[in-house]
Protein chains: 2
Amino acid sequence: MSDSVKAIGIKPAGIKDVAREAGVSVATVSRVLSNGPVSDALRARVEDAVRATGYRPNLSARRLRSQHSLTIGLIVSDIRNPFFTAVSRAVEDAAFQAGMRVILCNTDENPEREAMYLRLMQEERVTGLIFAPTRATLAQLDRADLDFPVVLIDRSAPAGRFDSVVLDNPQAAALLVDHLHAQGYRRIAGLFGNTSTTAVERHAGYQAALAAHGLHAEARFVPPTAEAAEAEIARWLAEARRSGAMPDAVMVSNSLLLMGVVKATRTLGLAIPGDLAVAGFDNEPWTELVGPGLTVIEQPVHEIGRAAMTLLFERLDDPERATRKVVLSGTCVARGSTGGVG
Amino acid sequence: MSDSVKAIGIKPAGIKDVAREAGVSVATVSRVLSNGPVSDALRARVEDAVRATGYRPNLSARRLRSQHSLTIGLIVSDIRNPFFTAVSRAVEDAAFQAGMRVILCNTDENPEREAMYLRLMQEERVTGLIFAPTRATLAQLDRADLDFPVVLIDRSAPAGRFDSVVLDNPQAAALLVDHLHAQGYRRIAGLFGNTSTTAVERHAGYQAALAAHGLHAEARFVPPTAEAAEAEIARWLAEARRSGAMPDAVMVSNSLLLMGVVKATRTLGLAIPGDLAVAGFDNEPWTELVGPGLTVIEQPVHEIGRAAMTLLFERLDDPERATRKVVLSGTCVARGSTGGVG
DNA sequence: ATGAAAGCGCTAACAT
DNA sequence: ATGTTAGCGCTTTCAT
């Protein structure tokens with residue numbers, strides 16, 4: 001047995017050490033590692049040597065030399081959001097199957113962090129990027145001249161300069177409004193986040209659906225936090241009560257805001273759905289457990305991730321082809337929070 | 001203006017291009033990039049050239065040459081668990097301040113994935129690793145001879161071969177049991193995950209606290225999923241009802257299981273806390289919103305992340321020093337789910 | 001303060 | 001099928 005076995009904590013074995021141990025050239029070792037053409041005899045010797053030396057390839061060296069990182073970037077706006085964890089899982093699975101790694105980054109909807117991570121992606125020479133940008137970054141993204149293809153998720157490009165995969169947000173919002181209408185609600189308020197294009201589209205769908213029912217839309221936009229939503233809803237309902245124009249239902253554009261709204265109903269002592277019906281987005285596990293269960297739009301999260309990877313690979317195959325936008329439909333999961341006017 | 005500006009989509013500019021553009025040697029460019037000793041005049045020229053060429057350093061090349069990755073690994077068992085997202089945030093912040101990157105990986109408590117990611121960490125030549133291993137992997141971790149220091153979080157090493165930072169699990173479990181006892185509960189069941197050492201410690205604290213109160217412990221272990229918990233609790237309560245030995249409270253060792261238990265009470269039509277009091281771990285946002293609010297142990301998540309990074313840096317400073325174990329206390333957040341015997 | 005040149009660990013031509 | 005060798009893009013001696 002070689003003494004390199006004992007070289008612990010000194011320095012990791014390199015391909016040269018393996019070659020020496022096996023009595024072959026480094027090229028042969030490299031070929032074994034990449035399943036190149038090597039005789040069975042030598043292959044076995046090399047594999048033994050790899051084990052004996054505890055050899056692990058140096059990815060930096062490999063990437064530098066081979067000029068491809070086999071890495072794709074994934075920049076999401078909120079890793080705590082189960083939507084993004086599910087998507088990232090799908091992306092990682094697909095990447096792994098293709099022999100690629102994923103660099104996962106979380107921006108918290110902060111444009112500075114987005115800029116920093118975009119820079120990182122360049123420096124890591126990623127093969128491609130899947131990105132859920134804020135509106136602010138999205139507006140500048142064309143001018144960013146990145147050296148790799150980008151697929152947008154959750155938020156879509158207006159111009160069509162990028163491939164993207166999104167939920168049919170207007171339709172989904174309409175689904176919610178139609179459901180509320182069918183349940184007998186007529187004064188349907190809307191609360192939306194103010195940083196993402198998603199909220200803009202959901203607001204559009206909300207407005208259109210209300211108009212179709214001949215109802216009046218009353219929407220407000222808040223920063224995408226539970227606290228902001230809670231405060232705004234409390235203020236709003238207080239005003240509404242004074243003016244005698246209380247809504248009987250509220251639809252909310254994402255799950256963080258939804259949480260804030262539920263909190264507000266608690267502190268205000270409002271019953272769901274008796275005093276106020278509630279509907280939102282994202283079928284997170286806890287929505288089933290809160291109050292009578294919360295009515296939500298369920299997104300095809302895994303498909304969104306898979307579709308993004310598919311678009312990315314197709315783009316890598318053919319950089320010249322026209323950009324595509326994959327639009328997937330959500331489904332309405334009706335629960336007690338929209339139980340009907342009572 | 002150089003023509004390299006127009007080289008879009010061809011190939012990213014290298015340090016050589018910058019040097020040519022600025023009319024200096026590559027060494028000078030490198031010095032500017034690393035804030036080395038360079039005259040103001042040349043520095044300015046180089047900085048202009050960097051902008052003109054859109055130069056971004058190639059991290060693979062930099063890491064290969066400099067022989068340090070400036071990267072630390074973070075392997076967690078469940079990225080959806082807000083405990084780990086909070087910890088990872090703290091780790092990332094600390095790393096960023098130290099000019100380092102973080103590679104975040106998610107194992108879903110799967111030993112195969114753990115092994116794969118450990119291999120990855122070696123191949124990426126990470127400077128250090130923060131790791132929340134399953135029991136299975138933990139048992140083999142000493143034999144893994146890794147080329148970097150490891151700090152364990154959430155799960156602690158029995159032997160003390162690794163630095164670690166953990167919650168005082170026995171104490172936290174006792175806190176819950178004491179609270180339940182003070183609220184008048186006497187038949188306190190316990191449901192624990194079967195993959196982590198955390199659950200083992202929490203079980204120990206649960207048992208000791210019950211013994212101290214002269215009460216009988218009745219615990220079960222299940223896979224760490226909501227589904228498993230829901231099924232097991234349903235089965236358990238059915239048996240208990242038949243034998244006339246219904247528990248009046250149940251404590252649960254993590255938030256995933258907690259969700260399963262809440263679900264089970266819904267399908268079984270049990271009132272919380274009237275028919276069954278419930279207490280668990282991790283003060284996740286939704287625990288406040290479910291039923292009368294769920295009583296939970298709150299962990300000092302940010303401090304855990306920071307402490308892990310501190311341990312790691314200290315270890316890198318002095319590889320020879322004795323291993324340490326930082327034990328942090330949790331606090332009991334009492335809510336309606338343990339409102340008292342009716 | 002600046003430049004020339006060696007070489008990090010690996011892959012891919014090219015040669016045999 | 002196997003070995004030899006030239007770099008990948010950068011940092012870091014070593015000269016100047």
# chains A, B, ... in the order shown; residues from 1 in each chain; ligands from 1
>>> interface_residues(of="chain B", to="chain C", cutoff="7 Å", atoms="only C-alpha atoms (C1' of nucleotides)", output="PDB file with C-alpha atoms, in the first residue's frame")
ATOM      1  CA  SER B  25       1.191  43.519 -17.749  1.00  0.00           C
ATOM      2  CA  VAL B  38       0.057  49.862  -7.889  1.00  0.00           C
ATOM      3  CA  SER B  39       0.545  53.505  -8.775  1.00  0.00           C
ATOM      4  CA  LEU B  64      -7.024  26.775  -8.863  1.00  0.00           C
ATOM      5  CA  ARG B  65      -4.048  29.077  -8.764  1.00  0.00           C
TER       6      ARG B  65
END
>>> select_by_dssp(residues="region 118-241 of chain A", states="strand (DSSP E)", output="compact mmCIF listing (two decimals) with N, CA and C atoms, in the first residue's frame")
# COMPACT_ATOMS: atom_id res chain seq x y z
N GLY A 128 -25.95 28.36 -17.65
CA GLY A 128 -27.23 29.03 -17.85
C GLY A 128 -27.79 29.45 -16.51
N LEU A 129 -28.84 30.26 -16.58
CA LEU A 129 -29.40 30.81 -15.33
C LEU A 129 -30.92 30.75 -15.36
N ILE A 130 -31.47 30.34 -14.23
CA ILE A 130 -32.92 30.42 -14.04
C ILE A 130 -33.16 31.46 -12.96
N PHE A 131 -34.02 32.40 -13.23
CA PHE A 131 -34.02 33.63 -12.44
C PHE A 131 -35.45 34.14 -12.22
N VAL A 150 -30.64 32.97 -20.13
CA VAL A 150 -31.43 33.16 -18.92
C VAL A 150 -32.86 32.71 -19.16
N VAL A 151 -33.39 31.94 -18.23
CA VAL A 151 -34.82 31.61 -18.27
C VAL A 151 -35.48 32.23 -17.05
N LEU A 152 -36.49 33.03 -17.29
CA LEU A 152 -37.19 33.66 -16.18
C LEU A 152 -38.29 32.74 -15.65
N ILE A 153 -38.44 32.71 -14.35
CA ILE A 153 -39.57 31.98 -13.79
C ILE A 153 -40.36 32.90 -12.89
N ASP A 163 -36.53 33.62 -22.54
CA ASP A 163 -37.44 32.52 -22.34
C ASP A 163 -38.02 32.65 -20.94
N SER A 164 -39.23 32.19 -20.75
CA SER A 164 -39.81 32.28 -19.41
C SER A 164 -40.89 31.23 -19.20
N VAL A 165 -41.10 30.90 -17.96
CA VAL A 165 -42.21 30.03 -17.61
C VAL A 165 -42.93 30.63 -16.42
N VAL A 166 -44.20 30.83 -16.62
CA VAL A 166 -45.00 31.53 -15.61
C VAL A 166 -46.36 30.86 -15.42
N LEU A 167 -46.95 31.18 -14.31
CA LEU A 167 -48.34 30.82 -14.09
C LEU A 167 -49.20 31.76 -14.92
N ILE A 188 -65.50 42.46 -3.05
CA ILE A 188 -64.27 41.68 -3.00
C ILE A 188 -63.05 42.59 -3.09
N ALA A 189 -62.38 42.75 -1.97
CA ALA A 189 -61.18 43.59 -1.93
C ALA A 189 -59.98 42.81 -2.44
N GLY A 190 -58.90 43.50 -2.81
CA GLY A 190 -57.69 42.83 -3.29
C GLY A 190 -56.44 43.44 -2.67
N LEU A 191 -55.54 42.57 -2.22
CA LEU A 191 -54.29 43.07 -1.63
C LEU A 191 -53.13 42.45 -2.41
N PHE A 192 -52.22 43.31 -2.90
CA PHE A 192 -51.17 42.84 -3.80
C PHE A 192 -49.79 43.32 -3.38
N GLY A 193 -48.77 42.53 -3.68
CA GLY A 193 -47.40 42.94 -3.43
C GLY A 193 -46.98 44.02 -4.43
N GLU A 218 -61.52 47.08 -5.58
CA GLU A 218 -60.82 47.99 -4.68
C GLU A 218 -59.53 47.30 -4.23
N ALA A 219 -58.41 47.78 -4.78
CA ALA A 219 -57.14 47.08 -4.55
C ALA A 219 -56.14 47.98 -3.86
N ARG A 220 -55.25 47.36 -3.11
CA ARG A 220 -54.14 48.10 -2.52
C ARG A 220 -52.84 47.31 -2.72
N PHE A 221 -51.75 48.05 -2.77
CA PHE A 221 -50.44 47.43 -2.98
C PHE A 221 -49.55 47.69 -1.77
N VAL A 222 -48.88 46.63 -1.31
CA VAL A 222 -48.02 46.77 -0.12
C VAL A 222 -46.69 46.05 -0.36
>>> select_by_dssp(residues="region 8-245 of chain A", states="helix (DSSP H, G or I)", output="PyMOL selection string")
chain A and resi 15-22+26-33+40-53+59-66+82-97+111-123+135-144+169-182+197-212+226-242
>>> calpha_fit_and_write(fixed="chain A", moving="chain B", output="compact mmCIF listing (two decimals) with C-alpha atoms, in the first residue's frame")
# COMPACT_ATOMS: atom_id res chain seq x y z
CA MET B 1 0.21 0.14 -0.01
CA SER B 2 1.30 3.63 -0.92
CA ASP B 3 2.32 6.13 1.69
CA SER B 4 -0.04 8.67 0.16
CA VAL B 5 -2.74 6.89 2.11
CA LYS B 6 -1.24 8.27 5.25
CA ALA B 7 -1.11 11.78 3.86
CA ILE B 8 -4.14 12.87 5.81
CA GLY B 9 -4.60 16.53 6.51
CA ILE B 10 -1.57 17.33 4.42
CA LYS B 11 -2.89 17.73 0.93
CA PRO B 12 -5.51 15.97 -1.17
CA ALA B 13 -4.13 13.54 -3.71
CA GLY B 14 -3.93 14.86 -7.27
CA ILE B 15 -4.21 13.11 -10.58
CA LYS B 16 -0.44 12.88 -10.63
CA ASP B 17 -0.40 10.89 -7.42
CA VAL B 18 -2.93 8.50 -8.84
CA ALA B 19 -0.88 8.13 -12.01
CA ARG B 20 2.27 7.35 -10.07
CA GLU B 21 0.44 4.89 -7.82
CA ALA B 22 -1.02 3.09 -10.84
CA GLY B 23 2.16 3.34 -12.89
CA VAL B 24 0.46 5.07 -15.80
CA SER B 25 0.39 8.57 -17.28
CA VAL B 26 -1.92 11.29 -16.08
CA ALA B 27 -3.65 11.17 -19.43
CA THR B 28 -4.71 7.59 -18.80
CA VAL B 29 -6.06 8.49 -15.39
CA SER B 30 -8.02 11.32 -16.94
CA ARG B 31 -9.42 8.94 -19.54
CA VAL B 32 -10.52 6.47 -16.89
CA LEU B 33 -12.27 9.25 -15.01
CA SER B 34 -14.13 10.35 -18.09
CA ASN B 35 -14.87 6.84 -19.37
CA GLY B 36 -12.51 7.26 -22.30
CA PRO B 37 -10.86 4.43 -24.26
CA VAL B 38 -8.63 2.52 -21.83
CA SER B 39 -7.78 -1.16 -21.66
CA ASP B 40 -9.51 -3.13 -18.92
CA ALA B 41 -6.21 -3.94 -17.27
CA LEU B 42 -5.11 -0.33 -16.90
CA ARG B 43 -8.59 0.78 -16.00
CA ALA B 44 -8.62 -1.61 -13.08
CA ARG B 45 -5.18 -0.48 -11.92
CA VAL B 46 -6.25 3.14 -12.05
CA GLU B 47 -9.47 2.49 -10.19
CA ASP B 48 -7.51 0.77 -7.47
CA ALA B 49 -5.12 3.67 -7.31
CA VAL B 50 -8.03 6.10 -7.01
CA ARG B 51 -9.33 4.18 -4.03
CA ALA B 52 -5.89 3.79 -2.50
CA THR B 53 -5.12 7.50 -2.70
CA GLY B 54 -8.61 8.68 -1.84
CA TYR B 55 -8.46 10.82 -4.93
CA ARG B 56 -11.16 13.39 -5.58
CA PRO B 57 -11.00 15.46 -8.76
CA ASN B 58 -10.46 19.17 -8.28
CA LEU B 59 -13.53 20.77 -9.83
CA SER B 60 -11.89 24.16 -10.18
CA ALA B 61 -9.09 22.72 -12.28
CA ARG B 62 -11.49 20.62 -14.31
CA ARG B 63 -13.74 23.56 -15.03
CA LEU B 64 -10.87 25.84 -15.89
CA ARG B 65 -9.36 23.42 -18.35
CA SER B 66 -12.52 22.07 -19.92
CA GLN B 67 -14.10 25.50 -20.21
CA HIS B 68 -17.53 24.38 -19.14
CA SER B 69 -18.74 24.61 -15.58
CA LEU B 70 -21.53 22.04 -15.84
CA THR B 71 -23.27 24.32 -13.39
CA ILE B 72 -26.53 26.15 -13.68
CA GLY B 73 -27.56 29.05 -11.50
CA LEU B 74 -30.91 29.40 -9.78
CA ILE B 75 -31.74 32.75 -8.26
CA VAL B 76 -35.01 32.91 -6.35
CA SER B 77 -36.61 35.76 -4.48
CA ASP B 78 -37.56 33.91 -1.32
CA ILE B 79 -36.23 30.53 -0.37
CA ARG B 80 -38.72 30.24 2.49
CA ASN B 81 -41.55 30.31 -0.01
CA PRO B 82 -42.51 26.68 -0.62
CA PHE B 83 -43.17 27.59 -4.22
CA PHE B 84 -39.48 28.20 -4.74
CA THR B 85 -38.30 25.28 -2.67
CA ALA B 86 -40.46 22.99 -4.80
CA VAL B 87 -39.24 24.58 -8.01
CA SER B 88 -35.64 24.35 -6.90
CA ARG B 89 -36.11 20.71 -6.12
CA ALA B 90 -37.39 20.06 -9.62
CA VAL B 91 -34.54 22.05 -11.12
CA GLU B 92 -31.97 20.21 -9.07
CA ASP B 93 -33.35 16.82 -10.04
CA ALA B 94 -33.30 17.69 -13.72
CA ALA B 95 -29.82 19.14 -13.46
CA PHE B 96 -28.52 16.10 -11.67
CA GLN B 97 -29.89 13.82 -14.36
CA ALA B 98 -27.99 15.89 -16.88
CA GLY B 99 -24.82 15.63 -14.82
CA MET B 100 -24.94 19.23 -13.73
CA ARG B 101 -24.82 21.10 -10.46
CA VAL B 102 -27.03 23.92 -9.24
CA ILE B 103 -25.99 27.06 -7.43
CA LEU B 104 -28.99 28.23 -5.44
CA CYS B 105 -29.18 31.85 -4.35
CA ASN B 106 -31.78 33.79 -2.42
CA THR B 107 -32.36 37.52 -2.94
CA ASP B 108 -35.26 38.34 -0.62
CA GLU B 109 -36.52 40.56 -3.45
CA ASN B 110 -33.54 42.82 -2.88
CA PRO B 111 -32.15 44.31 -6.12
CA GLU B 112 -28.69 44.74 -4.64
CA ARG B 113 -28.52 41.09 -3.81
CA GLU B 114 -29.79 40.30 -7.27
CA ALA B 115 -26.99 42.29 -8.82
CA MET B 116 -24.44 40.63 -6.60
CA TYR B 117 -25.64 37.16 -7.50
CA LEU B 118 -25.77 37.95 -11.20
CA ARG B 119 -22.14 38.97 -10.92
CA LEU B 120 -21.41 35.73 -9.11
CA MET B 121 -23.06 33.72 -11.87
CA GLN B 122 -20.77 35.37 -14.38
CA GLU B 123 -17.70 34.70 -12.30
CA GLU B 124 -18.69 31.08 -11.85
CA ARG B 125 -19.17 30.88 -15.62
CA VAL B 126 -22.49 29.11 -15.23
CA THR B 127 -23.87 27.33 -18.27
CA GLY B 128 -27.27 28.91 -17.81
CA LEU B 129 -29.45 30.69 -15.30
CA ILE B 130 -32.98 30.30 -14.01
CA PHE B 131 -34.08 33.51 -12.41
CA ALA B 132 -37.07 35.04 -10.62
CA PRO B 133 -36.19 38.75 -10.74
CA THR B 134 -37.84 41.74 -9.13
CA ARG B 135 -39.50 44.25 -11.42
CA ALA B 136 -36.62 46.63 -10.94
CA THR B 137 -33.98 44.16 -12.08
CA LEU B 138 -36.16 42.78 -14.83
CA ALA B 139 -36.32 46.22 -16.42
CA GLN B 140 -32.53 46.38 -16.68
CA LEU B 141 -31.88 42.78 -17.51
CA ASP B 142 -31.49 43.20 -21.27
CA ARG B 143 -28.71 45.69 -20.76
CA ALA B 144 -26.84 43.35 -18.46
CA ASP B 145 -25.25 41.41 -21.33
CA LEU B 146 -24.77 38.09 -19.63
CA ASP B 147 -22.61 35.39 -21.15
CA PHE B 148 -25.19 32.65 -20.65
CA PRO B 149 -28.86 32.06 -21.45
CA VAL B 150 -31.47 33.04 -18.87
CA VAL B 151 -34.87 31.50 -18.25
CA LEU B 152 -37.24 33.55 -16.16
CA ILE B 153 -39.63 31.87 -13.77
CA ASP B 154 -42.59 33.18 -11.85
CA ARG B 155 -42.00 36.66 -13.28
CA SER B 156 -42.14 37.03 -17.03
CA ALA B 157 -40.35 39.34 -19.41
CA PRO B 158 -42.53 41.97 -21.04
CA ALA B 159 -40.46 42.31 -24.17
CA GLY B 160 -39.97 38.61 -24.77
CA ARG B 161 -36.20 38.89 -24.77
CA PHE B 162 -35.99 35.85 -22.50
CA ASP B 163 -37.48 32.41 -22.33
CA SER B 164 -39.86 32.16 -19.42
CA VAL B 165 -42.27 29.91 -17.62
CA VAL B 166 -45.04 31.43 -15.61
CA LEU B 167 -48.37 30.76 -14.08
CA ASP B 168 -51.35 32.13 -15.97
CA ASN B 169 -51.74 34.80 -13.35
CA PRO B 170 -54.70 36.71 -14.77
CA GLN B 171 -56.60 33.47 -15.18
CA ALA B 172 -55.69 32.29 -11.69
CA ALA B 173 -56.82 35.55 -10.15
CA ALA B 174 -60.04 35.32 -12.16
CA LEU B 175 -60.55 31.80 -10.86
CA LEU B 176 -60.45 33.17 -7.34
CA VAL B 177 -62.77 36.06 -8.10
CA ASP B 178 -65.21 33.79 -9.91
CA HIS B 179 -65.22 31.42 -6.99
CA LEU B 180 -65.84 34.23 -4.53
CA HIS B 181 -68.62 35.57 -6.72
CA ALA B 182 -70.21 32.13 -6.98
CA GLN B 183 -70.14 31.89 -3.20
CA GLY B 184 -72.14 35.07 -3.03
CA TYR B 185 -69.49 37.65 -2.20
CA ARG B 186 -69.93 41.02 -3.89
CA ARG B 187 -67.53 43.41 -2.20
CA ILE B 188 -64.23 41.78 -3.01
CA ALA B 189 -61.11 43.67 -1.95
CA GLY B 190 -57.64 42.86 -3.31
CA LEU B 191 -54.24 43.08 -1.65
CA PHE B 192 -51.13 42.83 -3.81
CA GLY B 193 -47.35 42.88 -3.44
CA ASN B 194 -45.57 45.88 -4.90
CA THR B 195 -42.28 44.42 -6.12
CA SER B 196 -43.10 41.64 -8.57
CA THR B 197 -44.68 41.56 -11.99
CA THR B 198 -46.65 38.59 -10.71
CA ALA B 199 -48.69 40.86 -8.49
CA VAL B 200 -49.31 43.20 -11.40
CA GLU B 201 -50.70 40.40 -13.52
CA ARG B 202 -52.79 39.02 -10.72
CA HIS B 203 -54.18 42.47 -10.14
CA ALA B 204 -55.08 42.71 -13.80
CA GLY B 205 -56.94 39.40 -13.69
CA TYR B 206 -58.67 40.43 -10.50
CA GLN B 207 -59.86 43.66 -12.04
CA ALA B 208 -61.00 42.10 -15.28
CA ALA B 209 -62.95 39.36 -13.51
CA LEU B 210 -64.66 41.84 -11.22
CA ALA B 211 -65.57 44.00 -14.19
CA ALA B 212 -67.02 40.96 -15.95
CA HIS B 213 -69.28 40.45 -12.95
CA GLY B 214 -70.14 44.12 -12.89
CA LEU B 215 -68.45 44.56 -9.54
CA HIS B 216 -66.27 47.33 -8.20
CA ALA B 217 -62.56 46.66 -7.68
CA GLU B 218 -60.71 48.04 -4.72
CA ALA B 219 -57.07 47.12 -4.60
CA ARG B 220 -54.04 48.11 -2.56
CA PHE B 221 -50.34 47.40 -2.99
CA VAL B 222 -47.93 46.75 -0.15
CA PRO B 223 -44.36 45.55 0.36
CA PRO B 224 -44.20 41.76 0.24
CA THR B 225 -44.10 41.04 3.97
CA ALA B 226 -46.65 39.65 6.38
CA GLU B 227 -46.17 42.67 8.62
CA ALA B 228 -46.97 45.16 5.90
CA ALA B 229 -50.05 43.21 4.89
CA GLU B 230 -51.27 42.96 8.45
CA ALA B 231 -50.86 46.66 9.07
CA GLU B 232 -52.42 47.68 5.80
CA ILE B 233 -55.44 45.40 6.17
CA ALA B 234 -56.04 46.64 9.70
CA ARG B 235 -55.90 50.26 8.56
CA TRP B 236 -58.03 49.52 5.56
CA LEU B 237 -60.79 47.73 7.44
CA ALA B 238 -60.87 50.43 10.08
CA GLU B 239 -61.46 53.05 7.39
CA ALA B 240 -63.98 50.85 5.64
CA ARG B 241 -65.95 50.27 8.79
CA ARG B 242 -66.13 53.99 9.44
CA SER B 243 -67.34 54.69 5.95
CA GLY B 244 -69.76 51.78 6.08
CA ALA B 245 -68.16 50.14 3.06
CA MET B 246 -66.78 46.94 4.54
CA PRO B 247 -65.63 44.36 2.00
CA ASP B 248 -67.06 40.90 2.55
CA ALA B 249 -64.09 39.15 0.97
CA VAL B 250 -60.44 39.81 0.23
CA MET B 251 -58.13 38.15 -2.23
CA VAL B 252 -54.41 38.27 -1.58
CA SER B 253 -51.62 37.94 -4.14
CA ASN B 254 -49.19 35.73 -2.25
CA SER B 255 -48.84 33.54 0.78
CA LEU B 256 -46.75 35.93 2.82
CA LEU B 257 -49.41 38.59 2.54
CA LEU B 258 -52.04 35.95 3.19
CA MET B 259 -50.45 35.21 6.50
CA GLY B 260 -50.53 38.86 7.41
CA VAL B 261 -54.21 39.07 6.54
CA VAL B 262 -55.07 36.07 8.69
CA LYS B 263 -53.14 37.61 11.55
CA ALA B 264 -55.05 40.85 11.16
CA THR B 265 -58.41 39.09 11.30
CA ARG B 266 -57.32 37.55 14.59
CA THR B 267 -56.29 40.77 16.23
CA LEU B 268 -59.40 42.51 14.91
CA GLY B 269 -61.60 39.65 16.09
CA LEU B 270 -63.07 39.01 12.66
CA ALA B 271 -64.40 35.56 11.83
CA ILE B 272 -63.38 33.78 8.62
CA PRO B 273 -65.45 33.57 6.53
CA GLY B 274 -68.34 35.03 8.56
CA ASP B 275 -67.00 38.58 8.77
CA LEU B 276 -64.51 38.33 5.96
CA ALA B 277 -63.87 35.66 3.36
CA VAL B 278 -60.21 35.12 2.45
CA ALA B 279 -58.56 33.65 -0.63
CA GLY B 280 -54.95 33.60 -1.75
CA PHE B 281 -52.15 31.96 -3.67
CA ASP B 282 -49.97 28.90 -3.10
CA ASN B 283 -51.27 25.73 -1.55
CA GLU B 284 -48.84 25.58 1.32
CA PRO B 285 -49.25 22.85 3.90
CA TRP B 286 -50.36 25.22 6.63
CA THR B 287 -53.16 26.82 4.59
CA GLU B 288 -55.17 23.66 5.17
CA LEU B 289 -54.78 23.99 8.92
CA VAL B 290 -55.66 27.63 9.46
CA GLY B 291 -59.20 28.46 10.54
CA PRO B 292 -61.70 26.63 8.36
CA GLY B 293 -58.95 26.02 5.80
CA LEU B 294 -57.86 28.71 3.35
CA THR B 295 -59.00 28.79 -0.26
CA VAL B 296 -55.95 29.10 -2.50
CA ILE B 297 -54.63 28.75 -6.01
CA GLU B 298 -52.38 25.74 -6.36
CA GLN B 299 -49.50 26.12 -8.79
CA PRO B 300 -47.98 23.21 -10.73
CA VAL B 301 -44.68 23.81 -8.97
CA HIS B 302 -42.79 20.76 -10.10
CA GLU B 303 -43.80 21.25 -13.70
CA ILE B 304 -42.67 24.84 -13.55
CA GLY B 305 -39.20 23.75 -12.49
CA ARG B 306 -39.01 21.03 -15.10
CA ALA B 307 -40.27 23.33 -17.83
CA ALA B 308 -37.64 25.90 -16.93
CA MET B 309 -34.88 23.33 -17.25
CA THR B 310 -36.29 22.09 -20.54
CA LEU B 311 -36.37 25.61 -21.93
CA LEU B 312 -32.82 26.15 -20.76
CA PHE B 313 -31.49 23.00 -22.39
CA GLU B 314 -33.30 23.72 -25.63
CA ARG B 315 -31.84 27.20 -25.65
CA LEU B 316 -28.35 25.82 -25.10
CA ASP B 317 -28.94 23.45 -28.01
CA ASP B 318 -30.06 26.23 -30.28
CA PRO B 319 -29.07 29.74 -29.16
CA GLU B 320 -30.73 31.28 -32.18
CA ARG B 321 -34.27 30.05 -31.87
CA ALA B 322 -37.14 32.35 -30.98
CA THR B 323 -37.81 32.89 -27.28
CA ARG B 324 -40.70 31.00 -25.78
CA LYS B 325 -43.03 31.62 -22.92
CA VAL B 326 -44.58 28.60 -21.25
CA VAL B 327 -47.80 29.48 -19.46
CA LEU B 328 -49.18 26.96 -16.99
CA SER B 329 -52.56 26.98 -15.33
CA GLY B 330 -53.24 26.95 -11.63
CA THR B 331 -56.18 25.27 -9.95
CA CYS B 332 -58.49 26.64 -7.30
CA VAL B 333 -58.48 24.68 -4.04
CA ALA B 334 -61.72 25.72 -2.36
CA ARG B 335 -61.78 25.54 1.43
CA GLY B 336 -63.81 26.94 4.30
CA SER B 337 -62.36 30.44 4.18
CA THR B 338 -64.69 31.19 1.29
CA GLY B 339 -67.59 29.14 2.64
CA GLY B 340 -70.28 31.48 1.37
CA VAL B 341 -72.17 34.53 2.62
CA GLY B 342 -73.93 33.80 5.88
